[in-house]
file target-v3.txt (compact mmCIF, C-alpha atoms)
# COMPACT_ATOMS: atom_id res chain seq x y z
CA MET Q 201 -9.93 -23.92 1.00
CA ALA Q 202 -6.37 -22.81 0.49
CA ARG Q 203 -3.84 -24.16 -1.95
CA ARG Q 204 -0.19 -24.90 -1.61
CA ASN Q 205 1.67 -26.16 -4.67
CA GLY Q 206 -1.67 -27.26 -6.01
CA LEU Q 207 -2.44 -29.17 -2.81
CA ALA Q 208 -5.53 -28.16 -0.94
CA VAL Q 209 -5.09 -26.99 2.64
CA GLU Q 210 -8.37 -27.13 4.46
CA LEU Q 211 -9.10 -24.21 6.75
CA ASP Q 212 -11.77 -24.52 9.39
CA ASN Q 213 -13.65 -21.72 11.11
CA LEU Q 214 -11.11 -21.44 13.92
CA ASP Q 215 -8.24 -21.15 11.41
CA ARG Q 216 -10.11 -18.32 9.70
CA ALA Q 217 -10.89 -16.60 12.99
CA ILE Q 218 -7.22 -16.83 13.98
CA LEU Q 219 -6.09 -15.45 10.61
CA ASN Q 220 -8.49 -12.56 10.86
CA ARG Q 221 -7.64 -11.72 14.48
CA LEU Q 222 -3.90 -11.93 13.91
CA GLN Q 223 -4.03 -9.45 11.05
CA GLU Q 224 -4.70 -6.96 13.78
CA ASP Q 225 -2.15 -6.16 16.43
CA LEU Q 226 -0.78 -8.93 18.65
CA PRO Q 227 -0.91 -7.62 22.24
CA GLN Q 228 2.46 -6.70 23.71
CA VAL Q 229 2.13 -8.70 26.90
CA PRO Q 230 4.10 -11.75 28.08
CA ASP Q 231 1.37 -14.23 27.12
CA PRO Q 232 -0.32 -12.56 24.12
CA PHE Q 233 -2.15 -15.64 22.88
CA ALA Q 234 -3.83 -16.08 26.25
CA LYS Q 235 -5.08 -12.53 25.94
CA ILE Q 236 -6.80 -13.11 22.59
CA ALA Q 237 -7.91 -16.72 23.27
CA PRO Q 238 -11.25 -15.80 24.92
CA GLU Q 239 -12.46 -13.82 21.89
CA LEU Q 240 -11.55 -16.77 19.65
CA GLY Q 241 -13.18 -19.30 21.97
CA CYS Q 242 -10.17 -21.60 22.21
CA ASN Q 243 -7.11 -22.03 24.37
CA PRO Q 244 -3.80 -20.23 23.76
CA ASP Q 245 -1.77 -23.34 22.94
CA GLU Q 246 -4.27 -24.16 20.21
CA ILE Q 247 -3.63 -20.75 18.63
CA VAL Q 248 0.12 -21.30 18.70
CA GLU Q 249 -0.19 -24.78 17.18
CA ARG Q 250 -2.51 -23.62 14.42
CA LEU Q 251 -0.46 -20.52 13.66
CA ALA Q 252 2.65 -22.72 13.33
CA ARG Q 253 0.75 -25.03 11.00
CA LEU Q 254 -0.57 -22.13 8.87
CA ARG Q 255 2.93 -20.73 8.64
CA GLU Q 256 4.34 -24.15 7.72
CA ALA Q 257 1.69 -24.53 4.98
CA ASN Q 258 2.57 -21.01 3.72
CA VAL Q 259 -1.00 -19.80 4.26
CA VAL Q 260 0.74 -17.18 6.39
CA THR Q 261 3.84 -15.81 4.69
CA ARG Q 262 5.06 -13.98 7.76
CA PHE Q 263 4.18 -13.39 11.39
CA GLY Q 264 5.96 -10.52 13.07
CA PRO Q 265 6.40 -6.76 13.31
CA PHE Q 266 5.49 -4.71 10.23
CA ILE Q 267 8.05 -1.96 9.96
CA ASP Q 268 7.22 1.45 8.50
CA ALA Q 269 10.58 2.37 7.02
CA ALA Q 270 9.24 5.84 6.20
CA ALA Q 271 9.17 6.58 9.95
CA MET Q 272 12.93 6.09 10.00
CA GLY Q 273 13.53 8.43 7.09
CA GLY Q 274 13.13 5.88 4.32
CA ALA Q 275 11.07 6.70 1.27
CA PHE Q 276 8.89 4.65 -1.05
CA CYS Q 277 7.41 5.36 -4.42
CA LEU Q 278 5.25 3.36 -6.78
CA CYS Q 279 6.51 3.79 -10.34
CA ALA Q 280 5.27 2.65 -13.72
CA ILE Q 281 6.72 2.28 -17.21
CA ALA Q 282 4.99 1.62 -20.54
CA VAL Q 283 7.40 -0.97 -21.91
CA PRO Q 284 7.27 -2.01 -25.58
CA GLN Q 285 6.42 -5.74 -25.60
CA ASP Q 286 9.52 -6.74 -27.58
CA ARG Q 287 11.78 -5.10 -24.99
CA PHE Q 288 9.92 -6.28 -21.91
CA ASP Q 289 12.36 -8.89 -20.61
CA ASP Q 290 15.40 -6.69 -21.18
CA VAL Q 291 13.81 -3.75 -19.39
CA ALA Q 292 12.72 -6.01 -16.52
CA GLU Q 293 16.31 -7.14 -16.12
CA ILE Q 294 17.57 -3.55 -16.01
CA VAL Q 295 14.90 -2.44 -13.53
CA ASN Q 296 15.29 -5.49 -11.28
CA GLY Q 297 19.04 -4.92 -11.24
CA PHE Q 298 18.52 -1.83 -9.06
CA HIS Q 299 18.59 -2.96 -5.43
CA GLN Q 300 16.20 -0.10 -4.60
CA VAL Q 301 13.47 -1.92 -6.57
CA ALA Q 302 11.60 -3.86 -3.87
CA HIS Q 303 8.72 -5.31 -5.89
CA ASN Q 304 8.05 -5.40 -9.58
CA TYR Q 305 4.86 -6.64 -11.24
CA GLU Q 306 3.83 -7.09 -14.83
CA ARG Q 307 0.28 -5.79 -15.29
CA GLU Q 308 -2.15 -5.91 -18.19
CA HIS Q 309 -2.19 -2.31 -19.38
CA LYS Q 310 -0.25 0.04 -21.66
CA LEU Q 311 1.60 0.90 -18.44
CA ASN Q 312 2.67 -2.71 -18.04
CA MET Q 313 5.51 -2.55 -15.52
CA TRP Q 314 4.79 -1.43 -11.95
CA PHE Q 315 7.46 -1.38 -9.29
CA VAL Q 316 8.13 0.06 -5.87
CA LEU Q 317 11.31 1.99 -5.14
CA ALA Q 318 12.54 1.93 -1.54
CA THR Q 319 15.34 4.33 -0.71
CA VAL Q 320 16.81 6.06 2.33
CA SER Q 321 15.53 9.49 1.28
CA LEU Q 322 12.98 11.21 -0.93
CA GLU Q 323 15.74 12.79 -3.01
CA GLU Q 324 17.11 9.36 -3.82
CA ILE Q 325 13.73 8.26 -5.24
CA ASP Q 326 14.01 10.79 -8.04
CA ALA Q 327 17.70 10.09 -8.54
CA VAL Q 328 17.09 6.35 -8.95
CA ALA Q 329 14.03 6.88 -11.18
CA ASP Q 330 16.11 9.23 -13.35
CA ARG Q 331 18.83 6.58 -13.64
CA ILE Q 332 16.25 3.97 -14.67
CA GLU Q 333 15.02 6.38 -17.34
CA ALA Q 334 18.57 6.91 -18.58
CA ARG Q 335 19.32 3.17 -18.67
CA THR Q 336 16.06 2.16 -20.37
CA GLY Q 337 15.31 5.24 -22.46
CA LEU Q 338 11.73 5.02 -21.14
CA LYS Q 339 9.73 7.46 -19.06
CA VAL Q 340 9.27 6.42 -15.41
CA LEU Q 341 5.96 7.72 -14.05
CA ARG Q 342 6.09 8.34 -10.29
CA PHE Q 343 3.17 7.85 -7.96
CA PRO Q 344 4.25 8.62 -4.39
CA LYS Q 345 1.68 7.88 -1.69
CA LEU Q 346 -0.15 11.05 -0.68
CA GLU Q 347 -2.63 9.49 1.72
CA GLU Q 348 -3.21 5.95 2.98
CA PHE Q 349 -6.56 4.36 3.78
CA PHE Q 350 -5.73 1.22 5.68
CA ILE Q 351 -7.68 -1.80 6.73
CA GLY Q 352 -6.54 -5.41 7.00
CA PHE Q 353 -7.49 -8.16 4.62
CA LYS Q 354 -10.12 -10.47 6.01
CA VAL Q 355 -10.46 -14.12 5.12
CA ALA Q 356 -13.98 -14.93 4.01
CA ALA Q 357 -15.65 -16.89 6.81
CA MET U 87 12.84 10.96 11.61
CA ILE U 88 13.14 8.45 14.42
CA LYS U 89 16.50 7.27 15.65
CA LEU U 90 16.85 3.65 16.66
CA ASP U 91 19.50 2.52 19.09
CA ALA U 92 21.51 -0.68 18.76
CA ILE U 93 19.07 -2.68 20.89
CA ASP U 94 16.05 -1.54 18.83
CA GLU U 95 17.91 -2.55 15.69
CA ALA U 96 18.88 -5.91 17.17
CA ILE U 97 15.24 -6.62 18.08
CA LEU U 98 13.95 -5.61 14.65
CA ASN U 99 16.64 -7.54 12.81
CA ALA U 100 16.02 -10.61 14.94
CA THR U 101 12.29 -10.50 14.18
CA GLN U 102 12.29 -9.39 10.53
CA ALA U 103 11.99 -12.98 9.37
CA GLY U 104 9.28 -13.41 11.97
CA LEU U 105 8.47 -13.51 15.65
CA PRO U 106 9.02 -16.98 17.14
CA ILE U 107 5.72 -18.88 17.03
CA VAL U 108 5.75 -19.96 20.67
CA ARG U 109 3.55 -19.30 23.68
CA TYR U 110 5.87 -16.57 25.08
CA PRO U 111 7.31 -14.96 21.95
CA TYR U 112 8.76 -11.84 23.62
CA ALA U 113 10.59 -13.93 26.21
CA GLU U 114 12.02 -16.04 23.38
CA VAL U 115 13.27 -12.96 21.52
CA GLY U 116 14.81 -11.75 24.79
CA ARG U 117 16.48 -15.10 25.39
CA ARG U 118 18.08 -15.02 21.94
CA LEU U 119 19.37 -11.47 22.39
CA GLY U 120 20.22 -11.54 26.09
CA LEU U 121 17.43 -9.12 27.02
CA GLU U 122 14.66 -9.23 29.60
CA GLU U 123 11.19 -10.10 28.32
CA SER U 124 9.88 -6.87 29.86
CA ASP U 125 12.51 -4.88 27.96
CA VAL U 126 11.54 -6.50 24.64
CA ILE U 127 7.86 -5.72 25.30
CA ALA U 128 8.59 -2.13 26.36
CA ARG U 129 10.66 -1.52 23.26
CA PHE U 130 8.01 -2.94 20.93
CA GLN U 131 5.43 -0.71 22.63
CA ARG U 132 7.62 2.34 22.10
CA LEU U 133 8.39 1.39 18.46
CA ILE U 134 4.65 1.09 17.83
CA ALA U 135 3.93 4.40 19.58
CA ASP U 136 6.63 6.06 17.46
CA GLY U 137 5.20 4.58 14.27
CA VAL U 138 8.33 2.60 13.41
CA VAL U 139 6.40 -0.65 13.85
CA ARG U 140 2.85 -0.48 12.52
CA ARG U 141 1.69 -3.63 14.23
CA ILE U 142 2.73 -7.18 15.05
CA ALA U 143 0.60 -9.36 12.83
CA VAL U 144 0.36 -12.07 10.19
CA ALA U 145 0.71 -11.49 6.46
CA PRO U 146 -1.71 -13.90 4.77
CA ASN U 147 -0.77 -15.45 1.45
CA HIS U 148 -3.56 -14.46 -0.92
CA TYR U 149 -2.52 -17.04 -3.48
CA ALA U 150 -2.46 -19.88 -0.94
CA LEU U 151 -5.91 -18.79 0.21
CA GLY U 152 -7.15 -19.25 -3.34
CA MET U 153 -7.31 -15.48 -3.94
CA SER U 154 -5.36 -15.69 -7.17
CA ALA U 155 -7.05 -12.84 -9.07
CA ASN U 156 -5.52 -9.53 -8.11
CA GLY U 157 -6.59 -6.29 -9.71
CA MET U 158 -5.33 -2.79 -9.04
CA THR U 159 -8.43 -0.65 -9.45
CA VAL U 160 -7.77 3.01 -10.17
CA TRP U 161 -10.19 5.92 -10.00
CA ASP U 162 -10.33 9.57 -11.01
CA ILE U 163 -12.11 11.35 -8.19
CA ALA U 164 -12.50 15.08 -7.59
CA ASP U 165 -9.74 16.28 -5.24
CA ASP U 166 -12.18 17.68 -2.70
CA ALA U 167 -13.98 14.32 -2.36
CA VAL U 168 -11.10 11.84 -2.61
CA SER U 169 -10.14 11.67 1.09
CA GLU U 170 -13.63 10.94 2.31
CA ILE U 171 -14.26 8.37 -0.46
CA GLY U 172 -10.83 6.79 0.03
CA ALA U 173 -11.57 6.17 3.70
CA ARG U 174 -14.80 4.37 2.78
CA ILE U 175 -13.11 2.22 0.12
CA GLY U 176 -10.19 1.41 2.43
CA ALA U 177 -12.70 0.09 4.96
CA LEU U 178 -14.06 -2.55 2.55
CA ASP U 179 -12.90 -5.97 3.67
CA TYR U 180 -11.76 -7.07 0.19
CA VAL U 181 -9.56 -4.01 -0.37
CA THR U 182 -6.03 -4.65 0.91
CA HIS U 183 -4.33 -1.39 0.05
CA CYS U 184 -5.93 1.94 -0.72
CA TYR U 185 -3.91 5.06 -1.45
CA ARG U 186 -4.35 8.52 -2.85
CA ARG U 187 -1.57 9.26 -5.34
CA PRO U 188 -0.85 12.09 -7.78
CA ARG U 189 -2.20 11.95 -11.32
CA ALA U 190 0.28 11.82 -14.20
CA LEU U 191 -1.57 13.81 -16.84
CA PRO U 192 -2.20 13.36 -19.70
CA ASP U 193 -1.35 9.64 -19.54
CA TRP U 194 -2.86 8.86 -16.19
CA PRO U 195 -5.92 10.66 -14.78
CA TYR U 196 -6.39 8.42 -11.71
CA ASN U 197 -5.72 9.64 -8.18
CA LEU U 198 -7.09 6.78 -6.04
CA PHE U 199 -5.64 3.25 -6.09
CA ALA U 200 -7.38 0.29 -4.42
CA MET U 201 -6.04 -3.28 -4.59
CA VAL U 202 -8.80 -5.87 -4.87
CA HIS U 203 -8.32 -9.62 -4.40
CA GLY U 204 -10.65 -12.41 -5.39
CA THR U 205 -10.73 -16.08 -6.29
CA THR U 206 -11.68 -15.28 -9.90
CA ARG U 207 -11.68 -12.25 -12.19
CA ASP U 208 -15.48 -12.30 -12.20
CA GLU U 209 -15.40 -11.88 -8.45
CA VAL U 210 -12.90 -9.01 -8.73
CA GLU U 211 -15.10 -7.37 -11.39
CA ALA U 212 -18.14 -7.66 -9.12
CA LYS U 213 -16.19 -5.97 -6.33
CA ARG U 214 -15.07 -3.27 -8.73
CA ARG U 215 -18.72 -2.58 -9.56
CA GLN U 216 -19.52 -2.37 -5.85
CA ILE U 217 -16.75 0.20 -5.39
CA ALA U 218 -18.04 2.14 -8.41
CA SER U 219 -21.52 2.32 -6.94
CA LEU U 220 -20.10 3.36 -3.59
CA ILE U 221 -18.22 6.23 -5.24
CA GLY U 222 -21.21 7.22 -7.36
CA PRO U 223 -21.06 10.32 -9.55
CA ALA U 224 -17.84 11.54 -7.92
CA CYS U 225 -16.03 9.02 -10.13
CA ARG U 226 -15.09 10.55 -13.46
CA SER U 227 -13.34 7.50 -14.91
CA SER U 228 -11.75 4.26 -13.74
CA ASP U 229 -9.70 1.30 -14.88
CA ILE U 230 -8.39 -2.01 -13.57
CA LEU U 231 -4.91 -3.46 -14.01
CA TYR U 232 -4.62 -7.19 -13.41
CA SER U 233 -1.30 -8.58 -12.32
CA LYS U 234 0.16 -10.96 -14.85
CA ARG U 235 3.50 -11.91 -13.34
CA ILE U 236 5.66 -11.13 -10.32
CA LEU U 237 8.96 -9.92 -11.74
CA LYS U 238 10.66 -9.27 -8.40
CA LYS U 239 9.71 -9.46 -4.76
CA THR U 240 12.21 -8.80 -2.01
CA GLY U 241 11.88 -7.58 1.53
CA VAL U 242 12.51 -3.95 2.25
CA ARG U 243 15.88 -3.30 3.84
CA LEU U 244 16.07 -1.70 7.24
CA THR U 245 18.95 0.53 6.29
CA GLY U 246 19.73 1.47 2.72
CA LYS U 247 23.23 1.17 1.41
CA GLY U 248 24.41 2.95 -1.72
CA ASP U 249 25.23 0.85 -4.73

call {"tool": "encode", "arguments": {"input": "target-v3.txt", "output": "structure tokens"}}
result
Amino acid sequence: MARRNGLAVELDNLDRAILNRLQEDLPQVPDPFAKIAPELGCNPDEIVERLARLREANVVTRFGPFIDAAAMGGAFCLCAIAVPQDRFDDVAEIVNGFHQVAHNYEREHKLNMWFVLATVSLEEIDAVADRIEARTGLKVLRFPKLEEFFIGFKVAA
Amino acid sequence: MIKLDAIDEAILNATQAGLPIVRYPYAEVGRRLGLEESDVIARFQRLIADGVVRRIAVAPNHYALGMSANGMTVWDIADDAVSEIGARIGALDYVTHCYRRPRALPDWPYNLFAMVHGTTRDEVEAKRRQIASLIGPACRSSDILYSKRILKKTGVRLTGKGD
């Protein structure tokens, strides 16, 4: 069962199979859904209809190409700050004000603010992190990705 | 670093919000941009081969799927074992992202990060224990950081502009 604004969205086995299959690569052929339909045991129009419904219900947030900006010279870095609780909202506003901050999460830990910097170059990562340190007076720990171990998320059947 | 031409950029910009959800999606992208379907397909194939596009796929909404507990598990693993162990953890179906990152000593001894999703914290804790047993004695210490709040979430820009 999935939820949307507190409303339950029922998923059946075919919905789950479609979600799982489409987390892998969509074939680059004129009629890609016809190519994957046999392994899902349905017809291609059914996949399109269900995918549209899953997208409409926000069970799928996006369907499309996943771009690796690093391949085009972009750089990413996970960063963390231990923010004193009484300054948390002010620091969040400063950090979020940098357009290079793509995501920012509050987490339950002494290091309670975790964000991703996305810049055009590696040099800019350090420059932006240094500016955040200067603006907040807090140390920005930097955790660039050294190695990635990837596998898609699977919906429990 | 890979150079994109204007047509590559037009295709990627036109599909950043998503590929049209229709029976012939590449033909539809071509129709919108004035390109042949075969050209759109060939360019996606090349972008994938070059690593600019990782894949064409869905991004599921963990929260909508009821997976509202999200814990970043972090592990201190000996450097000579971390790659092999990371590959095994990354292959677990409930781990969405798994990366090796540098430690930040003395504050932060962990060098392997694995994001775990579950419907409840108990479920996430059970998965964390499974990962711990998979790592075995190579794990020197570990922790878990639950997300409390999303403070910002924006798409990544294709081309950065200075501020």

call {"tool": "residues_around", "arguments": {"input": "target-v3.txt", "residues": "Ala190 (chain U)", "least_positions_apart": "4", "cutoff": "12 Å", "atoms": "only C-alpha atoms", "output": "PDB file with C-alpha atoms, in the coordinates of the input"}}
result
ATOM      1  CA  CYS Q 279       6.510   3.790 -10.340  1.00  0.00           C
ATOM      2  CA  ALA Q 280       5.270   2.650 -13.720  1.00  0.00           C
ATOM      3  CA  ILE Q 281       6.720   2.280 -17.210  1.00  0.00           C
ATOM      4  CA  LEU Q 311       1.600   0.900 -18.440  1.00  0.00           C
ATOM      5  CA  LYS Q 339       9.730   7.460 -19.060  1.00  0.00           C
ATOM      6  CA  VAL Q 340       9.270   6.420 -15.410  1.00  0.00           C
ATOM      7  CA  LEU Q 341       5.960   7.720 -14.050  1.00  0.00           C
ATOM      8  CA  ARG Q 342       6.090   8.340 -10.290  1.00  0.00           C
ATOM      9  CA  PHE Q 343       3.170   7.850  -7.960  1.00  0.00           C
ATOM     10  CA  PRO Q 344       4.250   8.620  -4.390  1.00  0.00           C
TER      11      PRO Q 344
ATOM     12  CA  ASP U 162     -10.330   9.570 -11.010  1.00  0.00           C
ATOM     13  CA  TRP U 194      -2.860   8.860 -16.190  1.00  0.00           C
ATOM     14  CA  PRO U 195      -5.920  10.660 -14.780  1.00  0.00           C
ATOM     15  CA  TYR U 196      -6.390   8.420 -11.710  1.00  0.00           C
ATOM     16  CA  ASN U 197      -5.720   9.640  -8.180  1.00  0.00           C
TER      17      ASN U 197
END

call {"tool": "residues_around", "arguments": {"input": "target-v3.txt", "residues": "Asn243 (chain Q)", "least_positions_apart": "2", "cutoff": "12 Å", "atoms": "only C-alpha atoms", "output": "PDB file with C-alpha atoms, keeping the file's coordinate frame"}}
result
ATOM      1  CA  LEU Q 214     -11.110 -21.440  13.920  1.00  0.00           C
ATOM      2  CA  ILE Q 218      -7.220 -16.830  13.980  1.00  0.00           C
ATOM      3  CA  ASP Q 231       1.370 -14.230  27.120  1.00  0.00           C
ATOM      4  CA  PRO Q 232      -0.320 -12.560  24.120  1.00  0.00           C
ATOM      5  CA  PHE Q 233      -2.150 -15.640  22.880  1.00  0.00           C
ATOM      6  CA  ALA Q 234      -3.830 -16.080  26.250  1.00  0.00           C
ATOM      7  CA  LYS Q 235      -5.080 -12.530  25.940  1.00  0.00           C
ATOM      8  CA  ILE Q 236      -6.800 -13.110  22.590  1.00  0.00           C
ATOM      9  CA  ALA Q 237      -7.910 -16.720  23.270  1.00  0.00           C
ATOM     10  CA  PRO Q 238     -11.250 -15.800  24.920  1.00  0.00           C
ATOM     11  CA  GLU Q 239     -12.460 -13.820  21.890  1.00  0.00           C
ATOM     12  CA  LEU Q 240     -11.550 -16.770  19.650  1.00  0.00           C
ATOM     13  CA  GLY Q 241     -13.180 -19.300  21.970  1.00  0.00           C
ATOM     14  CA  ASP Q 245      -1.770 -23.340  22.940  1.00  0.00           C
ATOM     15  CA  GLU Q 246      -4.270 -24.160  20.210  1.00  0.00           C
ATOM     16  CA  ILE Q 247      -3.630 -20.750  18.630  1.00  0.00           C
ATOM     17  CA  VAL Q 248       0.120 -21.300  18.700  1.00  0.00           C
ATOM     18  CA  GLU Q 249      -0.190 -24.780  17.180  1.00  0.00           C
ATOM     19  CA  ARG Q 250      -2.510 -23.620  14.420  1.00  0.00           C
TER      20      ARG Q 250
ATOM     21  CA  ARG U 109       3.550 -19.300  23.680  1.00  0.00           C
TER      22      ARG U 109
END

call {"tool": "atom_distance", "arguments": {"input": "target-v3.txt", "atom1": "CA of Cys277 (chain Q)", "atom2": "CA of Arg335 (chain Q)"}}
result
18.7 Å

call {"tool": "residues_around", "arguments": {"input": "target-v3.txt", "residues": "Ala103 (chain U)", "least_positions_apart": "4", "cutoff": "8 Å", "atoms": "all atoms listed in the file", "output": "list in words"}}
result
Arg262 and Gly264 of chain Q; Asn99 of chain U

call {"tool": "interface_residues", "arguments": {"input": "target-v3.txt", "of": "chain U", "to": "chain Q", "cutoff": "6 Å", "atoms": "only C-alpha atoms", "output": "PyMOL selection string"}}
result
chain U and resi 87-88+104-105+110+127+138-147+150-152+173+176-177+179+182+184-188+231-240+246

call {"tool": "closest_residue", "arguments": {"input": "target-v3.txt", "among": "Q:Ala275, Q:Ala217, Q:Leu338, Q:Leu322", "to": "Ile294 (chain Q)", "atoms": "all atoms listed in the file"}}
result
Q:Leu338

call {"tool": "atom_distance", "arguments": {"input": "target-v3.txt", "atom1": "CA of Leu198 (chain U)", "atom2": "CA of Val160 (chain U)"}}
result
5.6 Å

call {"tool": "closest_residue", "arguments": {"input": "target-v3.txt", "among": "U:Leu90, U:Ile230, U:Ile107, U:Ala96", "to": "Gly137 (chain U)", "atoms": "all atoms listed in the file"}}
result
U:Leu90

call {"tool": "atom_distance", "arguments": {"input": "target-v3.txt", "atom1": "CA of Ser154 (chain U)", "atom2": "CA of His203 (chain U)"}}
result
7.3 Å

call {"tool": "residues_around", "arguments": {"input": "target-v3.txt", "residues": "Glu209 (chain U)", "least_positions_apart": "2", "cutoff": "12 Å", "atoms": "all atoms listed in the file", "output": "short mmCIF file (atom, residue, chain, number, x, y, z; two decimals) with C-alpha atoms, in the frame of the given file"}}
result
data_model
loop_
_atom_site.label_atom_id
_atom_site.label_comp_id
_atom_site.auth_asym_id
_atom_site.auth_seq_id
_atom_site.Cartn_x
_atom_site.Cartn_y
_atom_site.Cartn_z
CA MET U 153 -7.31 -15.48 -3.94
CA SER U 154 -5.36 -15.69 -7.17
CA ALA U 155 -7.05 -12.84 -9.07
CA ASN U 156 -5.52 -9.53 -8.11
CA GLY U 157 -6.59 -6.29 -9.71
CA TYR U 180 -11.76 -7.07 0.19
CA VAL U 202 -8.80 -5.87 -4.87
CA HIS U 203 -8.32 -9.62 -4.40
CA GLY U 204 -10.65 -12.41 -5.39
CA THR U 205 -10.73 -16.08 -6.29
CA THR U 206 -11.68 -15.28 -9.90
CA ARG U 207 -11.68 -12.25 -12.19
CA GLU U 211 -15.10 -7.37 -11.39
CA ALA U 212 -18.14 -7.66 -9.12
CA LYS U 213 -16.19 -5.97 -6.33
CA ARG U 214 -15.07 -3.27 -8.73
CA ARG U 215 -18.72 -2.58 -9.56
CA GLN U 216 -19.52 -2.37 -5.85
#

call {"tool": "closest_residue", "arguments": {"input": "target-v3.txt", "among": "U:Val210, U:Leu220, U:Leu191, U:Ile134", "to": "Ile175 (chain U)", "atoms": "only C-alpha atoms"}}
result
U:Leu220

call {"tool": "closest_residue", "arguments": {"input": "target-v3.txt", "among": "U:Leu121, U:Ala218, U:Ala167, U:Val108", "to": "Ile93 (chain U)", "atoms": "only C-alpha atoms"}}
result
U:Leu121

call {"tool": "build_atoms", "arguments": {"input": "target-v3.txt", "residues": "region 159-172 of chain U", "atoms": "N, CA and C atoms", "output": "PDB file, in the coordinates of the input"}}
result
ATOM      1  N   THR U 159      -7.412  -1.537  -8.905  1.00  0.00           N
ATOM      2  CA  THR U 159      -8.430  -0.650  -9.450  1.00  0.00           C
ATOM      3  C   THR U 159      -7.965   0.788  -9.244  1.00  0.00           C
ATOM      4  N   VAL U 160      -8.214   1.620 -10.248  1.00  0.00           N
ATOM      5  CA  VAL U 160      -7.770   3.010 -10.170  1.00  0.00           C
ATOM      6  C   VAL U 160      -8.917   3.924 -10.574  1.00  0.00           C
ATOM      7  N   TRP U 161      -9.005   5.068  -9.908  1.00  0.00           N
ATOM      8  CA  TRP U 161     -10.190   5.920 -10.000  1.00  0.00           C
ATOM      9  C   TRP U 161      -9.789   7.384 -10.106  1.00  0.00           C
ATOM     10  N   ASP U 162     -10.527   8.108 -10.926  1.00  0.00           N
ATOM     11  CA  ASP U 162     -10.330   9.570 -11.010  1.00  0.00           C
ATOM     12  C   ASP U 162     -11.461  10.215 -10.234  1.00  0.00           C
ATOM     13  N   ILE U 163     -11.112  10.775  -9.093  1.00  0.00           N
ATOM     14  CA  ILE U 163     -12.110  11.350  -8.190  1.00  0.00           C
ATOM     15  C   ILE U 163     -11.738  12.798  -7.908  1.00  0.00           C
ATOM     16  N   ALA U 164     -12.744  13.657  -7.854  1.00  0.00           N
ATOM     17  CA  ALA U 164     -12.500  15.080  -7.590  1.00  0.00           C
ATOM     18  C   ALA U 164     -11.661  15.227  -6.317  1.00  0.00           C
ATOM     19  N   ASP U 165     -10.671  16.132  -6.360  1.00  0.00           N
ATOM     20  CA  ASP U 165      -9.740  16.280  -5.240  1.00  0.00           C
ATOM     21  C   ASP U 165     -10.444  16.563  -3.914  1.00  0.00           C
ATOM     22  N   ASP U 166     -11.537  17.322  -3.973  1.00  0.00           N
ATOM     23  CA  ASP U 166     -12.180  17.680  -2.700  1.00  0.00           C
ATOM     24  C   ASP U 166     -13.013  16.538  -2.117  1.00  0.00           C
ATOM     25  N   ALA U 167     -13.187  15.439  -2.873  1.00  0.00           N
ATOM     26  CA  ALA U 167     -13.980  14.320  -2.360  1.00  0.00           C
ATOM     27  C   ALA U 167     -13.129  13.076  -2.110  1.00  0.00           C
ATOM     28  N   VAL U 168     -11.875  13.088  -2.573  1.00  0.00           N
ATOM     29  CA  VAL U 168     -11.100  11.840  -2.610  1.00  0.00           C
ATOM     30  C   VAL U 168     -10.763  11.302  -1.211  1.00  0.00           C
ATOM     31  N   SER U 169     -10.525  12.166  -0.241  1.00  0.00           N
ATOM     32  CA  SER U 169     -10.140  11.670   1.090  1.00  0.00           C
ATOM     33  C   SER U 169     -11.295  10.950   1.766  1.00  0.00           C
ATOM     34  N   GLU U 170     -12.460  11.545   1.661  1.00  0.00           N
ATOM     35  CA  GLU U 170     -13.630  10.940   2.310  1.00  0.00           C
ATOM     36  C   GLU U 170     -13.995   9.621   1.610  1.00  0.00           C
ATOM     37  N   ILE U 171     -13.938   9.595   0.293  1.00  0.00           N
ATOM     38  CA  ILE U 171     -14.260   8.370  -0.460  1.00  0.00           C
ATOM     39  C   ILE U 171     -13.182   7.308  -0.241  1.00  0.00           C
ATOM     40  N   GLY U 172     -11.928   7.726  -0.204  1.00  0.00           N
ATOM     41  CA  GLY U 172     -10.830   6.790   0.030  1.00  0.00           C
ATOM     42  C   GLY U 172     -10.990   6.066   1.357  1.00  0.00           C
TER      43      GLY U 172
END
